[in-house]
$ cat final.cif   # mmCIF, C-alpha atoms
data_data
#
loop_
_atom_site.label_atom_id
_atom_site.label_comp_id
_atom_site.auth_asym_id
_atom_site.auth_seq_id
_atom_site.Cartn_x
_atom_site.Cartn_y
_atom_site.Cartn_z
CA MET A 1 148.04 35.03 4.29
CA GLN A 2 150.65 37.78 3.85
CA HIS A 3 149.55 40.44 1.39
CA ASN A 4 151.57 42.95 -0.49
CA PHE A 5 150.53 46.55 0.00
CA GLY A 6 148.42 46.77 -3.15
CA GLN A 7 146.79 43.38 -2.62
CA LYS A 8 145.82 44.38 0.91
CA ILE A 9 144.05 47.52 -0.31
CA LYS A 10 142.30 45.72 -3.15
CA ASP A 11 141.14 42.83 -0.95
CA PHE A 12 139.88 45.18 1.75
CA ARG A 13 138.08 47.40 -0.77
CA ILE A 14 136.33 44.43 -2.38
CA ARG A 15 135.49 42.55 0.83
CA HIS A 16 134.61 45.38 3.20
CA THR A 17 133.24 48.23 1.10
CA ASP A 18 131.05 48.70 -1.91
CA TYR A 19 133.57 51.07 -3.48
CA SER A 20 134.63 50.59 -7.04
CA LEU A 21 138.21 51.37 -7.90
CA ARG A 22 137.02 54.64 -9.45
CA LYS A 23 135.08 55.60 -6.31
CA LEU A 24 138.08 54.98 -4.06
CA ALA A 25 140.30 56.94 -6.44
CA GLU A 26 137.82 59.82 -6.32
CA LEU A 27 137.65 59.74 -2.53
CA THR A 28 141.43 59.74 -2.19
CA LYS A 29 142.02 62.31 -4.93
CA ILE A 30 144.27 60.09 -7.04
CA SER A 31 143.74 58.85 -10.58
CA PRO A 32 142.00 55.50 -11.11
CA THR A 33 144.90 54.37 -13.28
CA TYR A 34 147.42 55.11 -10.52
CA LEU A 35 145.25 53.34 -7.92
CA SER A 36 144.90 50.32 -10.21
CA ARG A 37 148.66 50.14 -10.62
CA ILE A 38 149.07 50.34 -6.82
CA GLU A 39 146.43 47.65 -6.18
CA ASN A 40 148.06 45.33 -8.70
CA ASP A 41 151.53 45.92 -7.22
CA LYS A 42 152.80 47.49 -10.43
CA GLU A 43 153.65 50.66 -8.46
CA SER A 44 155.55 51.04 -5.24
CA PRO A 45 153.44 52.11 -2.27
CA PRO A 46 152.57 55.79 -2.53
CA SER A 47 153.48 58.58 -0.12
CA GLU A 48 152.43 58.51 3.50
CA ASP A 49 149.78 61.15 2.78
CA ILE A 50 148.11 59.06 0.08
CA ILE A 51 148.29 55.91 2.21
CA ILE A 52 146.56 57.75 5.07
CA ARG A 53 143.84 59.01 2.70
CA ILE A 54 143.29 55.46 1.41
CA ALA A 55 143.12 54.06 4.95
CA GLN A 56 140.64 56.75 6.01
CA ALA A 57 138.44 56.23 2.94
CA LEU A 58 138.35 52.46 3.51
CA GLY A 59 138.04 52.66 7.30
CA MET A 60 141.34 50.85 7.79
CA ASN A 61 143.86 51.45 10.56
CA GLU A 62 146.26 54.05 9.16
CA ASP A 63 149.31 52.84 11.07
CA GLU A 64 148.77 49.22 10.03
CA LEU A 65 148.45 50.19 6.38
CA LEU A 66 151.51 52.41 6.61
CA SER A 67 153.40 49.52 8.19
CA THR A 68 152.44 47.25 5.30
CA ALA A 69 154.14 49.80 3.05
CA ASN A 70 157.18 49.98 5.38
CA LYS A 71 156.34 53.59 6.22
CA ILE A 72 155.63 55.56 9.38
CA SER A 73 153.03 58.24 9.94
CA PRO A 74 154.44 61.77 9.60
CA ASP A 75 153.20 62.72 13.08
CA VAL A 76 155.07 59.75 14.60
CA GLN A 77 158.22 60.68 12.65
CA HIS A 78 157.92 64.25 13.92
CA THR A 79 157.44 63.10 17.52
CA ILE A 80 160.50 60.84 17.39
CA ARG A 81 162.61 63.56 15.76
CA SER A 82 161.46 66.05 18.40
CA ASN A 83 162.64 63.73 21.19
CA PRO A 84 165.65 61.91 19.71
CA GLU A 85 167.28 61.26 23.06
CA ILE A 86 164.25 59.57 24.63
CA LEU A 87 161.83 57.97 22.19
CA PRO A 88 164.18 55.77 20.14
CA SER A 89 165.54 54.33 23.40
CA PHE A 90 162.01 53.79 24.70
CA ILE A 91 160.96 52.03 21.49
CA ARG A 92 164.00 49.76 21.60
CA THR A 93 163.33 48.98 25.26
CA VAL A 94 159.71 47.95 24.74
CA SER A 95 160.16 46.30 21.34
CA SER A 96 160.59 42.82 22.83
CA LEU A 97 157.47 43.03 25.03
CA ASP A 98 154.31 41.25 23.99
CA GLY A 99 151.16 43.12 22.97
CA ALA A 100 149.33 42.63 26.27
CA VAL A 101 152.20 44.15 28.26
CA LEU A 102 152.47 47.05 25.80
CA ASP A 103 148.73 47.66 26.13
CA GLU A 104 149.12 47.85 29.92
CA ILE A 105 152.06 50.25 29.60
CA ILE A 106 150.05 52.48 27.26
CA GLU A 107 147.08 52.37 29.63
CA LEU A 108 149.34 53.39 32.54
CA ILE A 109 150.91 56.20 30.51
CA ASN A 110 147.48 57.49 29.46
CA PHE A 111 146.27 57.37 33.07
CA MET A 112 149.34 59.19 34.35
CA SER A 113 149.17 61.79 31.58
CA ALA A 114 145.58 62.56 32.49
CA LYS A 115 146.54 63.04 36.16
CA ARG A 116 149.52 65.32 35.43
CA PRO A 117 151.66 64.14 38.38
CA THR A 118 154.39 66.32 39.89
CA LYS A 119 158.07 65.31 39.78
CA LYS A 120 157.83 64.20 43.41
CA LEU A 121 154.86 61.98 42.60
CA TRP A 122 156.69 60.53 39.59
CA ARG A 123 159.56 59.57 41.93
CA TYR A 124 157.13 57.66 44.14
CA ILE A 125 155.61 55.98 41.11
CA GLU A 126 159.07 55.04 39.87
CA LYS A 127 159.90 53.59 43.30
CA ILE A 128 156.71 51.51 43.23
CA ILE A 129 157.38 50.17 39.75
CA LYS A 130 161.03 49.36 40.42
CA GLY A 131 160.16 47.79 43.76
CA LEU A 132 157.46 45.65 42.22
CA LEU A 133 159.70 44.55 39.39
CA ASP A 134 162.58 43.72 41.75
CA GLU A 135 160.18 42.26 44.32
CA LYS A 136 162.04 44.29 46.96
CA ILE A 137 159.25 46.47 48.23
CA ALA A 138 157.82 45.70 51.64
CA GLU A 139 154.05 45.49 51.98
CA GLU A 140 153.94 48.35 54.48
CA ASP A 141 156.08 50.54 52.20
CA LEU A 142 153.86 49.73 49.26
CA GLN A 143 150.75 50.62 51.27
CA ALA A 144 152.26 53.91 52.46
CA ILE A 145 153.26 54.85 48.93
CA LEU A 146 149.87 53.87 47.52
CA ASN A 147 148.11 55.93 50.19
CA PHE A 148 150.28 58.93 49.33
CA VAL A 149 149.73 58.50 45.59
CA ASN A 150 145.97 58.09 46.05
CA SER A 151 145.77 61.21 48.20
CA ARG A 152 147.63 63.21 45.54
CA MET A 153 145.55 61.80 42.68
CA GLN A 154 142.29 62.81 44.34
CA ARG A 155 143.27 66.47 44.49
#
$ encode --input "final.cif" --output "structure tokens"
Amino acid sequence: MQHNFGQKIKDFRIRHTDYSLRKLAELTKISPTYLSRIENDKESPPSEDIIIRIAQALGMNEDELLSTANKISPDVQHTIRSNPEILPSFIRTVSSLDGAVLDEIIELINFMSAKRPTKKLWRYIEKIIKGLLDEKIAEEDLQAILNFVNSRMQR
């Protein structure tokens, strides 16, 4: 069932918390009247800041709730604006991939970020990925590259 923004908040509040409308309004520092109007879809979704406060108070995923309101988290907006030549292109590139593939990409990015590879190591990683995707990498080349990458990662 597809919910409007206000309906989603109201349903979640009633089903998953013991908060009254007044309690949620108090926790999010907005008036009960305004929250009631939001929950009953008599008001447009509020600002990103208020949506984030509501999500945090209810224990909801902030990004999902923002998405329901057709909004994006300010930190994500800032990140995209700080890298306008790279991130929009990346998002467009991965937008057609399914969730499982995106999860694997994120896992790989997190792993690589934690290891802080050098530019030379990134070139080897790029060669591995391209070779695997094109199925043009010989087994012995793959093993040599993997051995090199593993030796660098263990340092």
$ resolve_selection --input "final.cif" --expression "the PyMOL selection byres ((chain A and resi 41) around 8)" --output "ChimeraX atom specification"
/A:4-7,37-40,42-44
$ resolve_selection --input "final.cif" --expression "the PyMOL selection byres ((chain A and resi 46) around 10)" --output "ChimeraX atom specification"
/A:5-6,34-35,38,43-45,47-52,66,69,71
$ residues_around --input "final.cif" --residues "Ile54 in chain A" --least-positions-apart "6" --cutoff "9 Å" --atoms "only C-alpha atoms" --output "PDB file with C-alpha atoms, in the frame of the given file"
ATOM      1  CA  ILE A   9     144.050  47.520  -0.310  1.00  0.00           C
ATOM      2  CA  LEU A  24     138.080  54.980  -4.060  1.00  0.00           C
ATOM      3  CA  ALA A  25     140.300  56.940  -6.440  1.00  0.00           C
ATOM      4  CA  LEU A  27     137.650  59.740  -2.530  1.00  0.00           C
ATOM      5  CA  THR A  28     141.430  59.740  -2.190  1.00  0.00           C
ATOM      6  CA  MET A  60     141.340  50.850   7.790  1.00  0.00           C
ATOM      7  CA  GLU A  62     146.260  54.050   9.160  1.00  0.00           C
ATOM      8  CA  LEU A  65     148.450  50.190   6.380  1.00  0.00           C
TER       9      LEU A  65
END
$ atom_distance --input "final.cif" --atom1 "CA of Asn147 in chain A" --atom2 "CA of Tyr124 in chain A"
11.0 Å
$ atom_distance --input "final.cif" --atom1 "CA of Glu107 in chain A" --atom2 "CA of Ser151 in chain A"
20.6 Å
$ resolve_selection --input "final.cif" --expression "the PyMOL selection byres ((chain A and resi 13) around 10)" --output "list in words"
Gln7, Lys8, Ile9, Lys10, Asp11, Phe12, Ile14, Arg15, His16, Thr17, Asp18, Tyr19, Ser20, Leu21, Leu24, Glu39, Ile54, Ala57, Leu58, Gly59 and Met60 of chain A
$ build_atoms --input "final.cif" --residues "range 88-120 of chain A" --atoms "N, CA and C atoms" --output "compact mmCIF listing (two decimals), in the coordinates of the input"
# COMPACT_ATOMS: atom_id res chain seq x y z
N PRO A 88 163.57 56.96 20.73
CA PRO A 88 164.18 55.77 20.14
C PRO A 88 164.60 54.74 21.19
N SER A 89 165.14 55.23 22.31
CA SER A 89 165.54 54.33 23.40
C SER A 89 164.32 53.63 23.98
N PHE A 90 163.23 54.38 24.17
CA PHE A 90 162.01 53.79 24.70
C PHE A 90 161.48 52.70 23.76
N ILE A 91 161.46 53.00 22.48
CA ILE A 91 160.96 52.03 21.49
C ILE A 91 161.81 50.77 21.50
N ARG A 92 163.12 50.93 21.55
CA ARG A 92 164.00 49.76 21.60
C ARG A 92 163.77 48.95 22.88
N THR A 93 163.54 49.64 23.98
CA THR A 93 163.33 48.98 25.26
C THR A 93 162.06 48.14 25.26
N VAL A 94 160.99 48.66 24.70
CA VAL A 94 159.71 47.95 24.74
C VAL A 94 159.48 47.03 23.54
N SER A 95 160.39 47.05 22.58
CA SER A 95 160.16 46.30 21.34
C SER A 95 160.05 44.79 21.55
N SER A 96 160.64 44.26 22.61
CA SER A 96 160.59 42.82 22.83
C SER A 96 159.40 42.39 23.69
N LEU A 97 158.62 43.35 24.18
CA LEU A 97 157.47 43.03 25.03
C LEU A 97 156.29 42.57 24.18
N ASP A 98 155.47 41.70 24.76
CA ASP A 98 154.31 41.25 23.99
C ASP A 98 153.20 42.30 24.02
N GLY A 99 152.23 42.13 23.15
CA GLY A 99 151.16 43.12 22.97
C GLY A 99 150.39 43.42 24.23
N ALA A 100 150.11 42.41 25.05
CA ALA A 100 149.33 42.63 26.27
C ALA A 100 150.08 43.54 27.24
N VAL A 101 151.39 43.32 27.36
CA VAL A 101 152.20 44.15 28.26
C VAL A 101 152.27 45.58 27.70
N LEU A 102 152.44 45.71 26.40
CA LEU A 102 152.47 47.05 25.80
C LEU A 102 151.15 47.78 26.00
N ASP A 103 150.04 47.05 25.88
CA ASP A 103 148.73 47.66 26.13
C ASP A 103 148.63 48.18 27.56
N GLU A 104 149.15 47.42 28.51
CA GLU A 104 149.12 47.85 29.92
C GLU A 104 150.01 49.07 30.13
N ILE A 105 151.16 49.09 29.48
CA ILE A 105 152.06 50.25 29.60
C ILE A 105 151.38 51.49 29.03
N ILE A 106 150.75 51.35 27.88
CA ILE A 106 150.05 52.48 27.26
C ILE A 106 148.91 52.96 28.15
N GLU A 107 148.18 52.01 28.73
CA GLU A 107 147.08 52.37 29.63
C GLU A 107 147.62 53.15 30.84
N LEU A 108 148.73 52.70 31.40
CA LEU A 108 149.34 53.39 32.54
C LEU A 108 149.80 54.79 32.13
N ILE A 109 150.44 54.90 30.99
CA ILE A 109 150.91 56.20 30.51
C ILE A 109 149.73 57.15 30.30
N ASN A 110 148.67 56.65 29.68
CA ASN A 110 147.48 57.49 29.46
C ASN A 110 146.88 57.95 30.79
N PHE A 111 146.80 57.03 31.75
CA PHE A 111 146.27 57.37 33.07
C PHE A 111 147.13 58.45 33.73
N MET A 112 148.44 58.24 33.70
CA MET A 112 149.34 59.19 34.35
C MET A 112 149.33 60.54 33.63
N SER A 113 149.23 60.53 32.33
CA SER A 113 149.17 61.79 31.58
C SER A 113 147.92 62.58 31.93
N ALA A 114 146.83 61.89 32.13
CA ALA A 114 145.58 62.56 32.49
C ALA A 114 145.65 63.17 33.88
N LYS A 115 146.44 62.56 34.78
CA LYS A 115 146.54 63.04 36.16
C LYS A 115 147.58 64.15 36.33
N ARG A 116 148.48 64.30 35.39
CA ARG A 116 149.52 65.32 35.43
C ARG A 116 150.29 65.32 36.75
N PRO A 117 150.96 64.21 37.09
CA PRO A 117 151.66 64.14 38.38
C PRO A 117 152.87 65.07 38.43
N THR A 118 153.21 65.49 39.67
CA THR A 118 154.39 66.32 39.89
C THR A 118 155.64 65.45 39.82
N LYS A 119 156.81 66.08 39.80
CA LYS A 119 158.07 65.31 39.78
C LYS A 119 158.19 64.43 41.02
N LYS A 120 157.76 64.97 42.16
CA LYS A 120 157.83 64.20 43.41
C LYS A 120 156.94 62.96 43.31
